[in-house]
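Worksheet: the structure to be examined is printed underneath.
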Amino acid sequence: MAPQEMKTADPELMRAINRFHVMDAIRRFGPISRVEISDRTQLSATTVSAITAALLDDALIMTHQLGGIRDAAARGRPRVMLELNPAAAHVVGVKLALDQITVATTNFSADVLSSLVLPIRLQRQPVSVIADLVEDGIRRSVADAELTMDQVSGVCVGLPGVVERIAGVCRASPIFGERDVPFAAELTARLGGVGATIDSDVNLVTLAEHWFGQARGLDDFLVISVELGLGLGIMHNGELFRGANGLSPDLGDLMVRPPNGVGATRLASAASEASMLAEAQEILAGSEHEHAFRLGRGMAKILELAGAGEPRILALLDRAGGALGFAIANLITLFAPPKVILAGAALA
């Protein structure tokens with residue numbers, strides 16, 4: 001039996017991929033000329049011209065000219081540069097942490113139009129109450145930006161834990177007291193049909209660093225997030241690595257040797273904010289500092305005592321830092337990234 005011929009690429013898919021690459025080049029390097037887009041994307045000048053014309057018709061990008069009319073008379077036609085149109089879309093980002101909800105409304109160029117922080121201890125709240133609070137924060141932020149919900153193209157919520165982004169389900173998180181929470185669908189219904197998605201907070205930090213931060217221009221790097229848990233964001237060949245099943249790797253599940261060399265423990269039990277808070281609270285039990293942990297100011301108290309030279313707290317941080325350092329060294333051995341970005345309040 002003769003082997004089957006390989007199917008050629010779907011033309012519609014190829015057009016969508018090329019359009020994405022052109023948009024990505026404009027976002028990352030704009031203002032940028034068509035010639036530069038062609039060089040960076042390796043697409044032909046004809047293809048770039050066709051795609052940018054369609055993007056201009058859709059008002060997703062806009063032009064401005066380098067040089068004035070007088071310059072044009074002396075040197076020829078002014079150089080036309082392309083950049084994102086800030087008014088093309090508006091989105092809302094939300095971050096859930098144990099002690100607060102942060103909300104920001106941005107335009108298509110990621111300029112923050114309004115932001116707010118709602119200090120509240122989410123760990124004690126049922127999912128329905130958390131959804132109420134997130135909805136209220138989103139609506140207030142959109143109003144502060146002088147927009148209506150009809151002008152919002154989408155909402156994305158980042159939170160710690162194991163998140164199945166495509167399904168919109170949080171499989172496990174210290175934020176929620178239950179598992180398999182369909183939070184994206186819950187929020188979409190509350191927002192009158194405005195599309196909501198959820199993702200792990202470290203994945204969103206990784207994308208933000210790639211698009212606008214310290215990893216702009218890099219296609220390979222790692223982000224280590226040290227907060228309540230331990231998050232790992234992997235950017236490889238310009239794509240966010242989510243794993244075969246769409247669930248990103250949990251850095252806290254790595255096994256490490258404890259300082260005494262006996263047995264093994266999860267990295268999250270040695271170097272996460274939660275583990276440091278638990279150990280510090282045990283160390284400081286019965287002291288004048290214990291009250292800070294009940295008020296949710298435990299990490300601030302740890303840093304305060306470390307700054308004052310409290311030996312037991314310094315030893316705690318030394319153990320956590322050592323465990324985390326070995327884990328990062330192993331990740332560097334595996335991935336050989338040109339940059340590793342550390343994020344999180346505990347790293348102060």
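Labels for the structure tokens follow display order: chains A, B, ..., residues from 1 in each chain, ligands from 1.
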
Check: Which neighbours of Ala280 of chain A fall inside 12 Å, counting only C-alpha atoms, when residues of the same chain fewer than 4 positions from it are skipped, and could you give them as a ChimeraX atom specification?
Finding: /A:273-276,284-287,289-290,292-293,297-303,305-306,310-317,320

Would you mind exporting the chosen residues as a short mmCIF file (atom, residue, chain, number, x, y, z; two decimals), in the first residue's frame, restricted to N, CA, C and O atoms?
```
data_model
loop_
_atom_site.label_atom_id
_atom_site.label_comp_id
_atom_site.auth_asym_id
_atom_site.auth_seq_id
_atom_site.Cartn_x
_atom_site.Cartn_y
_atom_site.Cartn_z
N GLU A 273 6.49 30.76 50.74
CA GLU A 273 6.09 31.73 51.75
C GLU A 273 5.26 31.04 52.83
O GLU A 273 5.40 31.35 54.02
N ALA A 274 4.41 30.11 52.42
CA ALA A 274 3.57 29.41 53.40
C ALA A 274 4.41 28.63 54.40
O ALA A 274 4.15 28.65 55.61
N SER A 275 5.46 27.94 53.91
CA SER A 275 6.29 27.16 54.81
C SER A 275 7.09 28.06 55.74
O SER A 275 7.27 27.76 56.92
N MET A 276 7.57 29.20 55.22
CA MET A 276 8.32 30.14 56.06
C MET A 276 7.42 30.74 57.14
O MET A 276 7.84 30.91 58.29
N LEU A 284 8.17 31.85 66.91
CA LEU A 284 7.80 33.04 67.68
C LEU A 284 6.57 32.83 68.56
O LEU A 284 6.06 33.80 69.13
N ALA A 285 6.10 31.58 68.69
CA ALA A 285 4.93 31.30 69.52
C ALA A 285 5.15 31.78 70.95
O ALA A 285 6.19 31.53 71.55
N GLY A 286 4.14 32.50 71.47
CA GLY A 286 4.21 33.00 72.84
C GLY A 286 4.96 34.31 72.99
O GLY A 286 5.02 34.88 74.09
N SER A 287 5.54 34.83 71.91
CA SER A 287 6.28 36.09 71.99
C SER A 287 5.36 37.27 71.62
O SER A 287 4.22 37.09 71.17
N HIS A 289 5.58 39.00 69.10
CA HIS A 289 5.46 39.10 67.64
C HIS A 289 4.37 38.18 67.08
O HIS A 289 4.03 38.28 65.91
N GLU A 290 3.83 37.31 67.90
CA GLU A 290 2.88 36.30 67.42
C GLU A 290 1.63 36.94 66.83
O GLU A 290 1.04 36.42 65.86
N ALA A 292 1.20 39.44 64.96
CA ALA A 292 1.31 39.88 63.56
C ALA A 292 0.85 38.80 62.59
O ALA A 292 0.29 39.11 61.53
N PHE A 293 1.06 37.55 62.94
CA PHE A 293 0.67 36.45 62.05
C PHE A 293 -0.85 36.32 61.98
O PHE A 293 -1.41 36.01 60.93
N ARG A 297 0.11 39.78 58.79
CA ARG A 297 1.34 40.54 58.55
C ARG A 297 2.58 39.71 58.89
O ARG A 297 3.62 40.22 59.24
N GLY A 298 2.43 38.40 58.74
CA GLY A 298 3.52 37.51 59.13
C GLY A 298 4.78 37.72 58.33
O GLY A 298 5.89 37.77 58.89
N MET A 299 4.68 37.86 56.99
CA MET A 299 5.89 38.02 56.17
C MET A 299 6.57 39.34 56.47
O MET A 299 7.80 39.42 56.53
N ALA A 300 5.78 40.40 56.68
CA ALA A 300 6.38 41.69 57.04
C ALA A 300 7.14 41.58 58.36
O ALA A 300 8.22 42.15 58.53
N LYS A 301 6.58 40.81 59.30
CA LYS A 301 7.25 40.62 60.59
C LYS A 301 8.54 39.80 60.42
O LYS A 301 9.57 40.11 61.04
N ILE A 302 8.52 38.77 59.56
CA ILE A 302 9.72 37.98 59.29
C ILE A 302 10.83 38.88 58.75
O ILE A 302 11.99 38.83 59.20
N LEU A 303 10.49 39.73 57.78
CA LEU A 303 11.50 40.61 57.18
C LEU A 303 12.00 41.65 58.19
O LEU A 303 13.18 41.98 58.20
N LEU A 305 12.21 41.24 61.50
CA LEU A 305 13.10 40.57 62.45
C LEU A 305 14.42 40.18 61.78
O LEU A 305 15.47 40.21 62.42
N ALA A 306 14.35 39.79 60.50
CA ALA A 306 15.59 39.48 59.79
C ALA A 306 16.48 40.71 59.70
O ALA A 306 17.70 40.63 59.88
N GLU A 310 17.62 38.89 64.00
CA GLU A 310 17.13 37.79 64.84
C GLU A 310 17.69 36.46 64.31
O GLU A 310 17.40 36.06 63.19
N PRO A 311 18.52 35.78 65.07
CA PRO A 311 19.26 34.62 64.53
C PRO A 311 18.38 33.48 64.06
O PRO A 311 18.67 32.83 63.07
N ARG A 312 17.30 33.19 64.76
CA ARG A 312 16.45 32.07 64.37
C ARG A 312 15.73 32.35 63.04
O ARG A 312 15.56 31.45 62.21
N ILE A 313 15.33 33.60 62.85
CA ILE A 313 14.67 33.97 61.60
C ILE A 313 15.69 33.99 60.46
O ILE A 313 15.40 33.54 59.34
N LEU A 314 16.88 34.47 60.72
CA LEU A 314 17.92 34.46 59.69
C LEU A 314 18.26 33.03 59.28
O LEU A 314 18.47 32.74 58.09
N ALA A 315 18.28 32.11 60.25
CA ALA A 315 18.57 30.71 59.93
C ALA A 315 17.44 30.11 59.09
O ALA A 315 17.69 29.34 58.16
N LEU A 316 16.20 30.49 59.40
CA LEU A 316 15.05 30.02 58.62
C LEU A 316 15.18 30.46 57.16
O LEU A 316 15.02 29.67 56.22
N LEU A 317 15.47 31.75 56.96
CA LEU A 317 15.61 32.28 55.61
C LEU A 317 16.80 31.67 54.89
O LEU A 317 16.76 31.45 53.67
N ALA A 320 15.69 28.23 53.66
CA ALA A 320 14.77 28.36 52.52
C ALA A 320 15.52 28.81 51.27
O ALA A 320 15.31 28.28 50.17
#
```

Note to self: Need the shell around Gly229 of chain A: protein/DNA/RNA residues with any atom at most 8 Å away, counting only C-alpha atoms. Skip same-chain ones fewer than 5 positions apart. Format as a PyMOL selection string?
What the structure shows: chain A and resi 160-161+252+268+272-274

Taking all heavy atoms for each residue, export the selection above as a compact mmCIF listing (two decimals), in the first residue's frame.
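Written output follows (again-v1.txt):
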```
# COMPACT_ATOMS: atom_id res chain seq x y z
N PRO A 160 -2.68 31.85 42.27
CA PRO A 160 -1.74 30.75 42.51
C PRO A 160 -2.43 29.41 42.48
O PRO A 160 -3.61 29.30 42.82
CB PRO A 160 -1.20 31.08 43.92
CG PRO A 160 -2.31 31.84 44.58
CD PRO A 160 -2.95 32.64 43.48
N GLY A 161 -1.70 28.38 42.07
CA GLY A 161 -2.27 27.04 42.09
C GLY A 161 -2.19 26.37 40.74
O GLY A 161 -1.48 26.79 39.83
N GLY A 252 6.85 23.74 43.34
CA GLY A 252 6.80 23.27 44.72
C GLY A 252 6.81 21.77 44.88
O GLY A 252 7.09 21.25 45.95
N ALA A 268 8.16 23.08 48.21
CA ALA A 268 7.18 24.00 48.80
C ALA A 268 7.17 23.93 50.32
O ALA A 268 6.83 24.90 50.99
CB ALA A 268 5.78 23.68 48.26
N SER A 272 8.69 27.90 50.35
CA SER A 272 7.57 28.75 49.96
C SER A 272 7.26 29.75 51.08
O SER A 272 7.69 29.58 52.23
CB SER A 272 6.33 27.92 49.67
OG SER A 272 5.84 27.33 50.86
N GLU A 273 6.49 30.76 50.74
CA GLU A 273 6.09 31.73 51.75
C GLU A 273 5.26 31.04 52.83
O GLU A 273 5.40 31.35 54.02
CB GLU A 273 5.27 32.85 51.08
CG GLU A 273 4.88 33.97 52.02
CD GLU A 273 4.20 35.11 51.30
OE1 GLU A 273 4.67 35.50 50.21
OE2 GLU A 273 3.20 35.62 51.83
N ALA A 274 4.41 30.11 52.42
CA ALA A 274 3.57 29.41 53.40
C ALA A 274 4.41 28.63 54.40
O ALA A 274 4.15 28.65 55.61
CB ALA A 274 2.61 28.46 52.67
```

Kindly provide the residues of segment 129-233 of chain A that approach segment 23-27 of chain A to within 12 Å, each paired with its closest atom pair and their distance in Å to one decimal, based on only C-alpha atoms, listed by chain and increasing number, as JSON lines.
```
{"residue": "A:His210", "atom": "CA", "partner": "A:Arg27", "partner_atom": "CA", "distance": 11.3}
{"residue": "A:Trp211", "atom": "CA", "partner": "A:Arg27", "partner_atom": "CA", "distance": 8.0}
{"residue": "A:Phe212", "atom": "CA", "partner": "A:Arg27", "partner_atom": "CA", "distance": 9.4}
{"residue": "A:Arg216", "atom": "CA", "partner": "A:Arg27", "partner_atom": "CA", "distance": 10.8}
{"residue": "A:Gly217", "atom": "CA", "partner": "A:Ala25", "partner_atom": "CA", "distance": 10.3}
```

Check: Could you work out how far atom CA of Leu204 of chain A lies from atom CA of Arg124 of chain A, giving the answer in Å with one decimal?
Finding: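 So the two atoms, atom CA of Arg124 of chain A and atom CA of Leu204 of chain A, lie 24.7 Å apart.
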
Residue contacts of Ser200 of chain A (6 Å, only C-alpha atoms) excluding same-chain residues fewer than 2 positions away, as a compact mmCIF listing (two decimals) with all heavy atoms, in the first residue's frame:
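The resulting file, out_25.txt, is shown below:
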```txt
# COMPACT_ATOMS: atom_id res chain seq x y z
N GLY A 158 -5.57 36.00 37.32
CA GLY A 158 -4.42 35.19 37.68
C GLY A 158 -4.47 34.84 39.15
O GLY A 158 -4.82 35.68 39.99
N LEU A 159 -4.15 33.60 39.47
CA LEU A 159 -4.17 33.17 40.87
C LEU A 159 -3.16 32.04 41.06
O LEU A 159 -2.80 31.36 40.09
CB LEU A 159 -5.57 32.71 41.29
CG LEU A 159 -6.14 31.43 40.67
CD1 LEU A 159 -7.29 30.91 41.53
CD2 LEU A 159 -6.64 31.67 39.25
N PRO A 160 -2.68 31.85 42.27
CA PRO A 160 -1.74 30.75 42.51
C PRO A 160 -2.43 29.41 42.48
O PRO A 160 -3.61 29.30 42.82
CB PRO A 160 -1.20 31.08 43.92
CG PRO A 160 -2.31 31.84 44.58
CD PRO A 160 -2.95 32.64 43.48
N VAL A 163 -4.04 25.49 37.43
CA VAL A 163 -5.14 26.05 36.65
C VAL A 163 -5.16 25.41 35.26
O VAL A 163 -4.13 25.34 34.59
CB VAL A 163 -5.01 27.58 36.51
CG1 VAL A 163 -6.14 28.14 35.66
CG2 VAL A 163 -4.99 28.24 37.88
N VAL A 202 1.86 32.82 37.83
CA VAL A 202 3.24 32.81 37.33
C VAL A 202 3.27 32.80 35.80
O VAL A 202 4.16 33.39 35.19
CB VAL A 202 4.04 31.63 37.93
CG1 VAL A 202 3.55 30.30 37.38
CG2 VAL A 202 5.54 31.81 37.64
N ASN A 203 2.30 32.15 35.16
CA ASN A 203 2.24 32.19 33.70
C ASN A 203 1.99 33.60 33.20
O ASN A 203 2.58 34.04 32.20
CB ASN A 203 1.15 31.26 33.19
CG ASN A 203 1.59 29.81 33.09
OD1 ASN A 203 2.79 29.52 33.15
ND2 ASN A 203 0.65 28.90 32.96
```

Next item on the list: Please identify all polymer residues within 8 Å of Pro31 of chain A, counting only C-alpha atoms, omitting same-chain residues fewer than 2 positions from it, and present them as a PyMOL selection string.
Entry: chain A and resi 26+29+33+81-83

Just asking: which residues within segment 89-290 of chain A are alpha helix (DSSP H) according to DSSP, as a CSV table (one decimal) with C-alpha atoms, in the first residue's frame?
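Result went into selection.csv, see below:
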```csv
chain,number,residue,atom,x,y,z
A,127,VAL,CA,-16.1,30.9,46.1
A,128,SER,CA,-19.3,32.8,45.6
A,129,VAL,CA,-18.1,35.6,47.8
A,130,ILE,CA,-14.8,35.8,46.0
A,131,ALA,CA,-16.6,36.0,42.7
A,132,ASP,CA,-18.8,38.8,44.1
A,133,LEU,CA,-15.7,40.7,45.2
A,134,VAL,CA,-13.9,40.2,41.8
A,135,GLU,CA,-17.0,41.3,39.9
A,136,ASP,CA,-17.4,44.5,42.0
A,137,GLY,CA,-13.7,45.3,41.6
A,138,ILE,CA,-13.8,44.8,37.8
A,139,ARG,CA,-16.9,47.0,37.4
A,140,ARG,CA,-15.4,49.7,39.6
A,141,SER,CA,-12.1,49.7,37.7
A,142,VAL,CA,-13.9,49.9,34.3
A,143,ALA,CA,-16.0,52.8,35.5
A,144,ASP,CA,-12.9,54.6,36.9
A,183,PHE,CA,-14.2,30.2,38.0
A,184,ALA,CA,-14.0,31.5,34.4
A,185,ALA,CA,-17.6,30.5,33.6
A,186,GLU,CA,-18.8,31.8,36.9
A,187,LEU,CA,-17.2,35.2,36.2
A,188,THR,CA,-18.4,35.3,32.6
A,189,ALA,CA,-22.0,34.8,33.7
A,190,ARG,CA,-21.7,37.6,36.3
A,201,ASP,CA,-0.3,33.9,38.2
A,202,VAL,CA,3.2,32.8,37.3
A,203,ASN,CA,2.2,32.2,33.7
A,204,LEU,CA,0.8,35.7,33.5
A,205,VAL,CA,4.0,37.2,35.0
A,206,THR,CA,6.0,35.2,32.5
A,207,LEU,CA,4.0,36.7,29.6
A,208,ALA,CA,4.2,40.2,31.0
A,209,GLU,CA,8.0,39.9,31.4
A,210,HIS,CA,8.2,38.6,27.8
A,211,TRP,CA,6.0,41.4,26.3
A,212,PHE,CA,6.9,44.4,28.4
A,268,ALA,CA,7.2,24.0,48.8
A,269,SER,CA,7.6,22.6,52.3
A,270,ALA,CA,11.1,24.2,52.5
A,271,ALA,CA,11.1,27.4,50.6
A,273,GLU,CA,6.1,31.7,51.7
A,274,ALA,CA,3.6,29.4,53.4
A,275,SER,CA,6.3,27.2,54.8
A,276,MET,CA,8.3,30.1,56.1
A,277,LEU,CA,5.2,31.6,57.7
A,278,ALA,CA,4.4,28.3,59.4
A,279,GLU,CA,8.0,27.8,60.7
A,280,ALA,CA,8.3,31.4,61.9
A,281,GLN,CA,5.0,31.3,63.7
A,282,GLU,CA,6.2,28.2,65.5
A,283,ILE,CA,9.5,29.9,66.4
A,290,GLU,CA,2.9,36.3,67.4
```

Next item on the list: Considering only C-alpha atoms, state which residue in the set A:Val181, A:Val103, A:Val169, A:Val117 is at the smallest distance from Ala145 of chain A.
Entry: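 Comparing A:Val181, A:Val103, A:Val169, A:Val117 against Ala145 of chain A, the winner is A:Val103.
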
Checklist line | Residues of segment 261-342 of chain A in strand (DSSP E or B), written as a list in words | finding: Thr265, Arg266, Val340, Ile341 and Leu342 of chain A

Margin query: Can you tell me which residues surround Ile166 of chain A at a distance of at most 12 Å, considering only C-alpha atoms, apart from same-chain residues fewer than 4 positions away, and format the answer as a VMD selection string?
Written below: chain A and resid 170 182 to 185 196 to 200 242 245 to 247

Atoms kept (N, CA and C atoms) for selection, written as a PDB file, in the first residue's frame:
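To be explicit, this is the file written out as part-v2.pdb:
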```
ATOM      1  N   CYS A 170     -10.044  26.025  37.936  1.00  0.00           N
ATOM      2  CA  CYS A 170      -8.931  25.997  38.889  1.00  0.00           C
ATOM      3  C   CYS A 170      -8.977  24.647  39.600  1.00  0.00           C
ATOM      4  N   PRO A 182     -14.962  26.046  38.560  1.00  0.00           N
ATOM      5  CA  PRO A 182     -15.114  26.605  37.198  1.00  0.00           C
ATOM      6  C   PRO A 182     -15.229  28.131  37.253  1.00  0.00           C
ATOM      7  N   PHE A 183     -14.165  28.778  37.663  1.00  0.00           N
ATOM      8  CA  PHE A 183     -14.236  30.207  37.987  1.00  0.00           C
ATOM      9  C   PHE A 183     -14.433  31.070  36.750  1.00  0.00           C
ATOM     10  N   ALA A 184     -13.877  30.676  35.608  1.00  0.00           N
ATOM     11  CA  ALA A 184     -14.020  31.484  34.395  1.00  0.00           C
ATOM     12  C   ALA A 184     -15.483  31.579  33.972  1.00  0.00           C
ATOM     13  N   ALA A 185     -16.187  30.455  33.959  1.00  0.00           N
ATOM     14  CA  ALA A 185     -17.596  30.455  33.572  1.00  0.00           C
ATOM     15  C   ALA A 185     -18.434  31.245  34.572  1.00  0.00           C
ATOM     16  N   ALA A 196     -14.342  35.796  30.217  1.00  0.00           N
ATOM     17  CA  ALA A 196     -13.360  35.751  31.301  1.00  0.00           C
ATOM     18  C   ALA A 196     -12.521  34.482  31.171  1.00  0.00           C
ATOM     19  N   THR A 197     -11.242  34.618  31.412  1.00  0.00           N
ATOM     20  CA  THR A 197     -10.339  33.473  31.448  1.00  0.00           C
ATOM     21  C   THR A 197      -9.578  33.498  32.761  1.00  0.00           C
ATOM     22  N   ILE A 198      -9.012  32.339  33.128  1.00  0.00           N
ATOM     23  CA  ILE A 198      -8.168  32.267  34.317  1.00  0.00           C
ATOM     24  C   ILE A 198      -6.868  31.581  33.938  1.00  0.00           C
ATOM     25  N   ASP A 199      -5.814  31.897  34.675  1.00  0.00           N
ATOM     26  CA  ASP A 199      -4.513  31.282  34.439  1.00  0.00           C
ATOM     27  C   ASP A 199      -3.724  31.359  35.725  1.00  0.00           C
ATOM     28  N   SER A 200      -2.672  30.554  35.811  1.00  0.00           N
ATOM     29  CA  SER A 200      -1.809  30.641  36.993  1.00  0.00           C
ATOM     30  C   SER A 200      -1.087  31.982  36.968  1.00  0.00           C
ATOM     31  N   ARG A 242       3.199  25.006  28.734  1.00  0.00           N
ATOM     32  CA  ARG A 242       2.137  24.669  29.680  1.00  0.00           C
ATOM     33  C   ARG A 242       2.076  23.177  29.991  1.00  0.00           C
ATOM     34  N   ASN A 245      -0.620  18.378  29.130  1.00  0.00           N
ATOM     35  CA  ASN A 245      -2.040  18.402  29.485  1.00  0.00           C
ATOM     36  C   ASN A 245      -2.555  19.810  29.771  1.00  0.00           C
ATOM     37  N   GLY A 246      -1.734  20.829  29.480  1.00  0.00           N
ATOM     38  CA  GLY A 246      -2.168  22.199  29.688  1.00  0.00           C
ATOM     39  C   GLY A 246      -2.005  22.697  31.105  1.00  0.00           C
ATOM     40  N   LEU A 247      -1.515  21.856  32.000  1.00  0.00           N
ATOM     41  CA  LEU A 247      -1.293  22.254  33.390  1.00  0.00           C
ATOM     42  C   LEU A 247       0.189  22.516  33.589  1.00  0.00           C
TER      43      LEU A 247
END
```

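Relative to atom CA of Leu43 of chain A, atom CA of Asp220 of chain A is found at 22.2 Å.
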
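As for atom CA of Asp111 of chain A and atom CA of Leu147 of chain A, they are spaced 14.3 Å apart.
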
Note to self: With only C-alpha atoms as the counted atoms, please give the residues lying no more than 10 Å from segment 51-57 of chain A, apart from itself and same-chain residues fewer than 6 positions off, as an MDAnalysis selection string.
What the structure shows: chainID A and resid 15:16 18:20 22:23 26 34 37 45 63 82 84:85
